[in-house]
Amino acid sequence: MNLAPHPIPSRTQYVLEAVKHRILTGRLAPGQALVETELAAHFGVSKTPVREALKTLAGTGLVVMSQYKGATVRTVDRAMAHEVYDVRLLLEPEALRRTVRHSARLDAASEALDRAERAVDAAERSLANREFHRALYLPCGNPLLTRMLDDVRDQAALVSTAAWSVLPSWDREAAEHREVLRLALDGDAEAAGRQLHQHIASFVLRAFPEEDPV
């Protein structure tokens, strides 16, 4: 039996990537309705690739499908943000430590930071930020660990987009990124991992603070 995943048709992939880009750059707001007929007309396709694209995006956590409301962009709240970032805190610093121990090149991370600094808008800066974090864990040497982090990557970006729309903190995070990269390039795996953990934890706590105890 062939259990390999079926390739996504090109029209569906086109719609999927376009809608995802709009969600992750804030052009489609959390809670916004995703109407199949409107999207089909906008992209010049039938409703079928739109429907399949929305199903795939629902599987990645960016879209919510409801029998009554249809498809909407997922709304980010404190519980969702902490859930996603808990996974990152468990996995991403360890992946970076392994990347550093393997003496992997981090040119892609450095290039992503440079792109973020040259960005002319928040959308471009957000995408460069995503590439920076992925460039840190991609060479970790464990494909399963990489896939697990990729699985939460879009949801983490959705959290970041929602947070930055309320509390822009690019300069602070850019400085933290530079420090993470410096430690990694120095070959200090433990310090780089600790700095990345602190960076991830402090961001979600600033943007989505824990509820006060009753």
# chains A, B, ... in the order shown; residues from 1 in each chain; ligands from 1

call {"tool": "residues_around", "arguments": {"residues": "range 123-135 of chain A", "least_positions_apart": "5", "cutoff": "8 Å", "atoms": "only C-alpha atoms", "output": "VMD selection string"}}
result
chain A and resid 24 to 26 106 108 to 110 112 to 113 115 to 117 150 153 157 161

call {"tool": "select_by_dssp", "arguments": {"residues": "range 59-208 of chain A", "states": "helix (DSSP H, G or I)", "output": "NGL selection string"}}
result
:A and (59-60 or 78-101 or 107-118 or 122-140 or 143-166 or 170-185 or 189-207)

call {"tool": "residues_around", "arguments": {"residues": "Val84 in chain A", "least_positions_apart": "4", "cutoff": "7 Å", "atoms": "only C-alpha atoms", "output": "JSON, numbers by chain"}}
result
{"A": [80, 88, 152, 155, 156]}

call {"tool": "atom_distance", "arguments": {"atom1": "CA of Arg147 in chain A", "atom2": "CA of Asp114 in chain A"}}
result
25.5 Å

call {"tool": "residues_around", "arguments": {"residues": "Ala79 in chain A", "least_positions_apart": "6", "cutoff": "12 Å", "atoms": "only C-alpha atoms", "output": "mmCIF file with C-alpha atoms, in the first residue's frame"}}
result
data_model
loop_
_atom_site.group_PDB
_atom_site.id
_atom_site.type_symbol
_atom_site.label_atom_id
_atom_site.label_comp_id
_atom_site.auth_asym_id
_atom_site.auth_seq_id
_atom_site.Cartn_x
_atom_site.Cartn_y
_atom_site.Cartn_z
ATOM 1 C CA TYR A 85 5.025 28.998 22.706
ATOM 2 C CA ASP A 86 5.251 26.216 25.290
ATOM 3 C CA VAL A 159 0.809 34.842 17.466
ATOM 4 C CA VAL A 204 4.982 35.762 24.863
ATOM 5 C CA LEU A 205 4.839 37.040 28.443
ATOM 6 C CA ALA A 207 2.422 40.209 24.615
ATOM 7 C CA PHE A 208 0.140 37.779 26.451
ATOM 8 C CA PRO A 209 0.795 38.061 30.202
ATOM 9 C CA GLU A 210 -0.372 35.338 32.518
ATOM 10 C CA GLU A 211 -3.717 35.949 34.192
#

call {"tool": "atom_distance", "arguments": {"atom1": "CA of Ser160 in chain A", "atom2": "CA of Asp186 in chain A"}}
result
28.0 Å

call {"tool": "residues_around", "arguments": {"residues": "Met65 in chain A", "least_positions_apart": "4", "cutoff": "12 Å", "atoms": "only C-alpha atoms", "output": "PDB file with N, CA, C and O atoms, in the first residue's frame"}}
result
ATOM      1  N   GLY A  31     -10.240  36.276  13.121  1.00  0.00           N
ATOM      2  CA  GLY A  31     -11.689  36.295  13.176  1.00  0.00           C
ATOM      3  C   GLY A  31     -12.359  36.654  11.864  1.00  0.00           C
ATOM      4  O   GLY A  31     -13.586  36.540  11.737  1.00  0.00           O
ATOM      5  N   GLN A  32     -11.580  37.105  10.884  1.00  0.00           N
ATOM      6  CA  GLN A  32     -12.168  37.516   9.603  1.00  0.00           C
ATOM      7  C   GLN A  32     -12.714  36.315   8.848  1.00  0.00           C
ATOM      8  O   GLN A  32     -12.081  35.260   8.775  1.00  0.00           O
ATOM      9  N   ALA A  33     -13.896  36.482   8.259  1.00  0.00           N
ATOM     10  CA  ALA A  33     -14.520  35.402   7.493  1.00  0.00           C
ATOM     11  C   ALA A  33     -13.770  35.174   6.187  1.00  0.00           C
ATOM     12  O   ALA A  33     -13.310  36.122   5.535  1.00  0.00           O
ATOM     13  N   LEU A  34     -13.643  33.899   5.820  1.00  0.00           N
ATOM     14  CA  LEU A  34     -13.003  33.505   4.564  1.00  0.00           C
ATOM     15  C   LEU A  34     -14.086  32.865   3.701  1.00  0.00           C
ATOM     16  O   LEU A  34     -14.366  31.673   3.813  1.00  0.00           O
ATOM     17  N   VAL A  35     -14.708  33.665   2.859  1.00  0.00           N
ATOM     18  CA  VAL A  35     -15.850  33.219   2.064  1.00  0.00           C
ATOM     19  C   VAL A  35     -15.355  32.582   0.771  1.00  0.00           C
ATOM     20  O   VAL A  35     -14.634  33.227  -0.011  1.00  0.00           O
ATOM     21  N   GLU A  36     -15.727  31.348   0.552  1.00  0.00           N
ATOM     22  CA  GLU A  36     -15.227  30.600  -0.598  1.00  0.00           C
ATOM     23  C   GLU A  36     -15.498  31.303  -1.920  1.00  0.00           C
ATOM     24  O   GLU A  36     -14.613  31.402  -2.776  1.00  0.00           O
ATOM     25  N   ARG A  51     -11.726  25.603  -1.284  1.00  0.00           N
ATOM     26  CA  ARG A  51     -12.200  24.753  -0.190  1.00  0.00           C
ATOM     27  C   ARG A  51     -11.077  23.848   0.308  1.00  0.00           C
ATOM     28  O   ARG A  51     -10.881  23.699   1.518  1.00  0.00           O
ATOM     29  N   GLU A  52     -10.324  23.256  -0.604  1.00  0.00           N
ATOM     30  CA  GLU A  52      -9.227  22.370  -0.205  1.00  0.00           C
ATOM     31  C   GLU A  52      -8.113  23.146   0.493  1.00  0.00           C
ATOM     32  O   GLU A  52      -7.507  22.657   1.458  1.00  0.00           O
ATOM     33  N   ALA A  53      -7.830  24.353   0.018  1.00  0.00           N
ATOM     34  CA  ALA A  53      -6.800  25.178   0.655  1.00  0.00           C
ATOM     35  C   ALA A  53      -7.198  25.539   2.077  1.00  0.00           C
ATOM     36  O   ALA A  53      -6.380  25.488   3.004  1.00  0.00           O
ATOM     37  N   LEU A  54      -8.455  25.889   2.273  1.00  0.00           N
ATOM     38  CA  LEU A  54      -8.924  26.252   3.609  1.00  0.00           C
ATOM     39  C   LEU A  54      -8.888  25.050   4.552  1.00  0.00           C
ATOM     40  O   LEU A  54      -8.561  25.196   5.733  1.00  0.00           O
ATOM     41  N   LYS A  55      -9.195  23.867   4.032  1.00  0.00           N
ATOM     42  CA  LYS A  55      -9.109  22.660   4.859  1.00  0.00           C
ATOM     43  C   LYS A  55      -7.668  22.425   5.311  1.00  0.00           C
ATOM     44  O   LYS A  55      -7.411  22.063   6.465  1.00  0.00           O
ATOM     45  N   THR A  56      -6.730  22.608   4.390  1.00  0.00           N
ATOM     46  CA  THR A  56      -5.317  22.427   4.736  1.00  0.00           C
ATOM     47  C   THR A  56      -4.881  23.457   5.771  1.00  0.00           C
ATOM     48  O   THR A  56      -4.170  23.127   6.737  1.00  0.00           O
ATOM     49  N   LEU A  57      -5.300  24.696   5.606  1.00  0.00           N
ATOM     50  CA  LEU A  57      -4.942  25.740   6.562  1.00  0.00           C
ATOM     51  C   LEU A  57      -5.578  25.495   7.923  1.00  0.00           C
ATOM     52  O   LEU A  57      -5.001  25.833   8.960  1.00  0.00           O
ATOM     53  N   ALA A  58      -6.761  24.895   7.920  1.00  0.00           N
ATOM     54  CA  ALA A  58      -7.375  24.519   9.195  1.00  0.00           C
ATOM     55  C   ALA A  58      -6.536  23.454   9.890  1.00  0.00           C
ATOM     56  O   ALA A  58      -6.384  23.462  11.119  1.00  0.00           O
ATOM     57  N   GLY A  59      -5.955  22.547   9.101  1.00  0.00           N
ATOM     58  CA  GLY A  59      -5.105  21.512   9.670  1.00  0.00           C
ATOM     59  C   GLY A  59      -3.828  22.056  10.278  1.00  0.00           C
ATOM     60  O   GLY A  59      -3.279  21.466  11.212  1.00  0.00           O
ATOM     61  N   THR A  60      -3.350  23.187   9.770  1.00  0.00           N
ATOM     62  CA  THR A  60      -2.130  23.789  10.329  1.00  0.00           C
ATOM     63  C   THR A  60      -2.435  24.754  11.476  1.00  0.00           C
ATOM     64  O   THR A  60      -1.508  25.276  12.090  1.00  0.00           O
ATOM     65  N   GLY A  61      -3.725  24.995  11.742  1.00  0.00           N
ATOM     66  CA  GLY A  61      -4.081  25.846  12.870  1.00  0.00           C
ATOM     67  C   GLY A  61      -4.261  27.313  12.549  1.00  0.00           C
ATOM     68  O   GLY A  61      -4.458  28.124  13.457  1.00  0.00           O
ATOM     69  N   LYS A  69     -20.529  29.115  10.960  1.00  0.00           N
ATOM     70  CA  LYS A  69     -19.866  30.353  10.534  1.00  0.00           C
ATOM     71  C   LYS A  69     -19.007  30.175   9.297  1.00  0.00           C
ATOM     72  O   LYS A  69     -18.529  31.159   8.730  1.00  0.00           O
ATOM     73  N   GLY A  70     -18.768  28.935   8.886  1.00  0.00           N
ATOM     74  CA  GLY A  70     -17.858  28.704   7.777  1.00  0.00           C
ATOM     75  C   GLY A  70     -16.417  28.830   8.236  1.00  0.00           C
ATOM     76  O   GLY A  70     -16.086  28.568   9.390  1.00  0.00           O
ATOM     77  N   ALA A  71     -15.550  29.259   7.335  1.00  0.00           N
ATOM     78  CA  ALA A  71     -14.121  29.378   7.649  1.00  0.00           C
ATOM     79  C   ALA A  71     -13.797  30.801   8.094  1.00  0.00           C
ATOM     80  O   ALA A  71     -14.273  31.774   7.513  1.00  0.00           O
ATOM     81  N   THR A  72     -12.981  30.906   9.142  1.00  0.00           N
ATOM     82  CA  THR A  72     -12.513  32.203   9.624  1.00  0.00           C
ATOM     83  C   THR A  72     -11.041  32.093   9.979  1.00  0.00           C
ATOM     84  O   THR A  72     -10.527  31.005  10.272  1.00  0.00           O
ATOM     85  N   VAL A  73     -10.354  33.224   9.950  1.00  0.00           N
ATOM     86  CA  VAL A  73      -8.968  33.264  10.414  1.00  0.00           C
ATOM     87  C   VAL A  73      -8.963  33.006  11.914  1.00  0.00           C
ATOM     88  O   VAL A  73      -9.792  33.552  12.652  1.00  0.00           O
ATOM     89  N   ARG A  74      -8.052  32.175  12.352  1.00  0.00           N
ATOM     90  CA  ARG A  74      -8.008  31.833  13.771  1.00  0.00           C
ATOM     91  C   ARG A  74      -7.734  33.064  14.625  1.00  0.00           C
ATOM     92  O   ARG A  74      -6.878  33.892  14.307  1.00  0.00           O
TER      93      ARG A  74
END

call {"tool": "closest_residue", "arguments": {"among": "A:Met148, A:Leu136, A:Ala41, A:Asn142", "to": "Arg182 in chain A", "atoms": "only C-alpha atoms"}}
result
A:Leu136

call {"tool": "atom_distance", "arguments": {"atom1": "CA of Leu89 in chain A", "atom2": "CA of Cys140 in chain A"}}
result
15.5 Å

call {"tool": "select_by_dssp", "arguments": {"residues": "range 20-174 of chain A", "states": "strand (DSSP E or B)", "output": "JSON, numbers by chain"}}
result
{"A": [33, 34, 63, 64, 65, 66, 70, 71, 72, 73]}

call {"tool": "write_last_selection", "arguments": {"atoms": "all heavy atoms", "output": "tab-separated table (two decimals), in the first residue's frame"}}
result
chain	number	residue	atom	x	y	z
A	33	ALA	N	-13.90	36.48	8.26
A	33	ALA	CA	-14.52	35.40	7.49
A	33	ALA	C	-13.77	35.17	6.19
A	33	ALA	O	-13.31	36.12	5.54
A	33	ALA	CB	-15.98	35.75	7.21
A	34	LEU	N	-13.64	33.90	5.82
A	34	LEU	CA	-13.00	33.51	4.56
A	34	LEU	C	-14.09	32.87	3.70
A	34	LEU	O	-14.37	31.67	3.81
A	34	LEU	CB	-11.86	32.54	4.83
A	34	LEU	CG	-10.74	33.10	5.73
A	34	LEU	CD1	-9.79	31.98	6.16
A	34	LEU	CD2	-9.98	34.20	5.02
A	63	VAL	N	-6.64	28.48	10.34
A	63	VAL	CA	-8.04	28.72	9.99
A	63	VAL	C	-8.92	27.83	10.86
A	63	VAL	O	-8.53	26.72	11.22
A	63	VAL	CB	-8.28	28.42	8.49
A	63	VAL	CG1	-9.77	28.37	8.16
A	63	VAL	CG2	-7.58	29.47	7.63
A	64	VAL	N	-10.08	28.35	11.21
A	64	VAL	CA	-11.06	27.58	11.98
A	64	VAL	C	-12.27	27.32	11.09
A	64	VAL	O	-12.80	28.25	10.46
A	64	VAL	CB	-11.50	28.34	13.25
A	64	VAL	CG1	-12.60	27.58	13.98
A	64	VAL	CG2	-10.31	28.57	14.17
A	65	MET	N	-12.69	26.06	11.01
A	65	MET	CA	-13.86	25.68	10.21
A	65	MET	C	-15.03	25.45	11.15
A	65	MET	O	-14.92	24.66	12.11
A	65	MET	CB	-13.57	24.43	9.40
A	65	MET	CG	-12.31	24.49	8.55
A	65	MET	SD	-12.46	25.56	7.11
A	65	MET	CE	-13.45	24.53	6.04
A	66	SER	N	-16.16	26.11	10.87
A	66	SER	CA	-17.35	25.96	11.69
A	66	SER	C	-18.54	25.63	10.80
A	66	SER	O	-18.68	26.18	9.70
A	66	SER	CB	-17.63	27.25	12.47
A	66	SER	OG	-18.93	27.24	13.03
A	70	GLY	N	-18.77	28.93	8.89
A	70	GLY	CA	-17.86	28.70	7.78
A	70	GLY	C	-16.42	28.83	8.24
A	70	GLY	O	-16.09	28.57	9.39
A	71	ALA	N	-15.55	29.26	7.33
A	71	ALA	CA	-14.12	29.38	7.65
A	71	ALA	C	-13.80	30.80	8.09
A	71	ALA	O	-14.27	31.77	7.51
A	71	ALA	CB	-13.28	29.01	6.44
A	72	THR	N	-12.98	30.91	9.14
A	72	THR	CA	-12.51	32.20	9.62
A	72	THR	C	-11.04	32.09	9.98
A	72	THR	O	-10.53	31.00	10.27
A	72	THR	CB	-13.29	32.67	10.88
A	72	THR	OG1	-13.15	31.67	11.91
A	72	THR	CG2	-14.75	32.89	10.57
A	73	VAL	N	-10.35	33.22	9.95
A	73	VAL	CA	-8.97	33.26	10.41
A	73	VAL	C	-8.96	33.01	11.91
A	73	VAL	O	-9.79	33.55	12.65
A	73	VAL	CB	-8.33	34.64	10.11
A	73	VAL	CG1	-6.89	34.69	10.62
A	73	VAL	CG2	-8.38	34.92	8.62

call {"tool": "decode", "arguments": {"residues": "range 196-208 of chain A", "atoms": "all heavy atoms", "output": "JSON list (two decimals), in the first residue's frame"}}
result
[["chain", "number", "residue", "atom", "x", "y", "z"],
["A", 196, "LEU", "N", 18.08, 31.96, 23.66],
["A", 196, "LEU", "CA", 16.91, 31.75, 22.81],
["A", 196, "LEU", "C", 15.67, 31.45, 23.65],
["A", 196, "LEU", "O", 14.58, 31.96, 23.37],
["A", 196, "LEU", "CB", 17.16, 30.62, 21.82],
["A", 196, "LEU", "CG", 16.02, 30.31, 20.84],
["A", 196, "LEU", "CD1", 15.66, 31.54, 20.00],
["A", 196, "LEU", "CD2", 16.39, 29.14, 19.94],
["A", 197, "HIS", "N", 15.85, 30.65, 24.69],
["A", 197, "HIS", "CA", 14.73, 30.34, 25.60],
["A", 197, "HIS", "C", 14.21, 31.62, 26.23],
["A", 197, "HIS", "O", 12.98, 31.85, 26.28],
["A", 197, "HIS", "CB", 15.20, 29.36, 26.67],
["A", 197, "HIS", "CG", 14.10, 28.84, 27.55],
["A", 197, "HIS", "ND1", 13.53, 29.59, 28.56],
["A", 197, "HIS", "CD2", 13.45, 27.64, 27.56],
["A", 197, "HIS", "CE1", 12.58, 28.89, 29.15],
["A", 197, "HIS", "NE2", 12.52, 27.70, 28.57],
["A", 198, "GLN", "N", 15.11, 32.46, 26.71],
["A", 198, "GLN", "CA", 14.71, 33.72, 27.34],
["A", 198, "GLN", "C", 14.00, 34.62, 26.34],
["A", 198, "GLN", "O", 13.00, 35.28, 26.66],
["A", 198, "GLN", "CB", 15.94, 34.42, 27.91],
["A", 198, "GLN", "CG", 15.62, 35.75, 28.59],
["A", 198, "GLN", "CD", 16.87, 36.40, 29.16],
["A", 198, "GLN", "OE1", 17.89, 35.76, 29.37],
["A", 198, "GLN", "NE2", 16.79, 37.71, 29.39],
["A", 199, "HIS", "N", 14.50, 34.66, 25.12],
["A", 199, "HIS", "CA", 13.91, 35.49, 24.06],
["A", 199, "HIS", "C", 12.47, 35.07, 23.77],
["A", 199, "HIS", "O", 11.56, 35.90, 23.72],
["A", 199, "HIS", "CB", 14.77, 35.37, 22.80],
["A", 199, "HIS", "CG", 14.09, 35.84, 21.56],
["A", 199, "HIS", "ND1", 13.77, 37.17, 21.33],
["A", 199, "HIS", "CD2", 13.66, 35.16, 20.47],
["A", 199, "HIS", "CE1", 13.18, 37.28, 20.15],
["A", 199, "HIS", "NE2", 13.09, 36.08, 19.61],
["A", 200, "ILE", "N", 12.26, 33.77, 23.60],
["A", 200, "ILE", "CA", 10.92, 33.26, 23.29],
["A", 200, "ILE", "C", 9.97, 33.49, 24.47],
["A", 200, "ILE", "O", 8.83, 33.93, 24.30],
["A", 200, "ILE", "CB", 10.99, 31.77, 22.92],
["A", 200, "ILE", "CG1", 11.79, 31.58, 21.63],
["A", 200, "ILE", "CG2", 9.59, 31.17, 22.77],
["A", 200, "ILE", "CD1", 12.11, 30.13, 21.31],
["A", 201, "ALA", "N", 10.45, 33.15, 25.68],
["A", 201, "ALA", "CA", 9.60, 33.27, 26.87],
["A", 201, "ALA", "C", 9.21, 34.71, 27.15],
["A", 201, "ALA", "O", 8.06, 35.02, 27.47],
["A", 201, "ALA", "CB", 10.32, 32.67, 28.07],
["A", 202, "SER", "N", 10.16, 35.63, 27.04],
["A", 202, "SER", "CA", 9.88, 37.02, 27.37],
["A", 202, "SER", "C", 8.91, 37.64, 26.36],
["A", 202, "SER", "O", 8.07, 38.46, 26.72],
["A", 202, "SER", "CB", 11.17, 37.84, 27.42],
["A", 202, "SER", "OG", 11.82, 37.87, 26.17],
["A", 203, "PHE", "N", 9.00, 37.21, 25.10],
["A", 203, "PHE", "CA", 8.10, 37.77, 24.10],
["A", 203, "PHE", "C", 6.65, 37.42, 24.41],
["A", 203, "PHE", "O", 5.77, 38.29, 24.42],
["A", 203, "PHE", "CB", 8.47, 37.26, 22.69],
["A", 203, "PHE", "CG", 7.50, 37.73, 21.63],
["A", 203, "PHE", "CD1", 7.63, 38.99, 21.08],
["A", 203, "PHE", "CD2", 6.47, 36.91, 21.20],
["A", 203, "PHE", "CE1", 6.73, 39.43, 20.11],
["A", 203, "PHE", "CE2", 5.58, 37.34, 20.24],
["A", 203, "PHE", "CZ", 5.71, 38.60, 19.69],
["A", 204, "VAL", "N", 6.37, 36.16, 24.65],
["A", 204, "VAL", "CA", 4.98, 35.76, 24.86],
["A", 204, "VAL", "C", 4.44, 36.32, 26.18],
["A", 204, "VAL", "O", 3.26, 36.66, 26.28],
["A", 204, "VAL", "CB", 4.82, 34.23, 24.78],
["A", 204, "VAL", "CG1", 5.37, 33.53, 26.02],
["A", 204, "VAL", "CG2", 3.37, 33.84, 24.55],
["A", 205, "LEU", "N", 5.30, 36.47, 27.17],
["A", 205, "LEU", "CA", 4.84, 37.04, 28.44],
["A", 205, "LEU", "C", 4.56, 38.53, 28.33],
["A", 205, "LEU", "O", 3.66, 39.05, 28.98],
["A", 205, "LEU", "CB", 5.87, 36.78, 29.54],
["A", 205, "LEU", "CG", 5.92, 35.33, 30.06],
["A", 205, "LEU", "CD1", 7.07, 35.18, 31.05],
["A", 205, "LEU", "CD2", 4.60, 34.94, 30.69],
["A", 206, "ARG", "N", 5.34, 39.24, 27.50],
["A", 206, "ARG", "CA", 5.06, 40.66, 27.27],
["A", 206, "ARG", "C", 3.75, 40.84, 26.52],
["A", 206, "ARG", "O", 2.93, 41.70, 26.85],
["A", 206, "ARG", "CB", 6.19, 41.31, 26.45],
["A", 206, "ARG", "CG", 7.46, 41.60, 27.20],
["A", 206, "ARG", "CD", 8.34, 42.59, 26.43],
["A", 206, "ARG", "NE", 8.58, 42.21, 25.04],
["A", 206, "ARG", "CZ", 9.57, 41.42, 24.65],
["A", 206, "ARG", "NH1", 10.40, 40.88, 25.54],
["A", 206, "ARG", "NH2", 9.74, 41.14, 23.37],
["A", 207, "ALA", "N", 3.57, 40.03, 25.49],
["A", 207, "ALA", "CA", 2.42, 40.21, 24.61],
["A", 207, "ALA", "C", 1.14, 39.61, 25.20],
["A", 207, "ALA", "O", 0.06, 40.17, 25.01],
["A", 207, "ALA", "CB", 2.72, 39.59, 23.24],
["A", 208, "PHE", "N", 1.31, 38.49, 25.89],
["A", 208, "PHE", "CA", 0.14, 37.78, 26.45],
["A", 208, "PHE", "C", 0.46, 37.38, 27.89],
["A", 208, "PHE", "O", 0.75, 36.22, 28.18],
["A", 208, "PHE", "CB", -0.18, 36.53, 25.62],
["A", 208, "PHE", "CG", -0.52, 36.82, 24.19],
["A", 208, "PHE", "CD1", 0.47, 36.84, 23.22],
["A", 208, "PHE", "CD2", -1.82, 37.11, 23.81],
["A", 208, "PHE", "CE1", 0.18, 37.13, 21.89],
["A", 208, "PHE", "CE2", -2.14, 37.39, 22.50],
["A", 208, "PHE", "CZ", -1.13, 37.40, 21.53]]
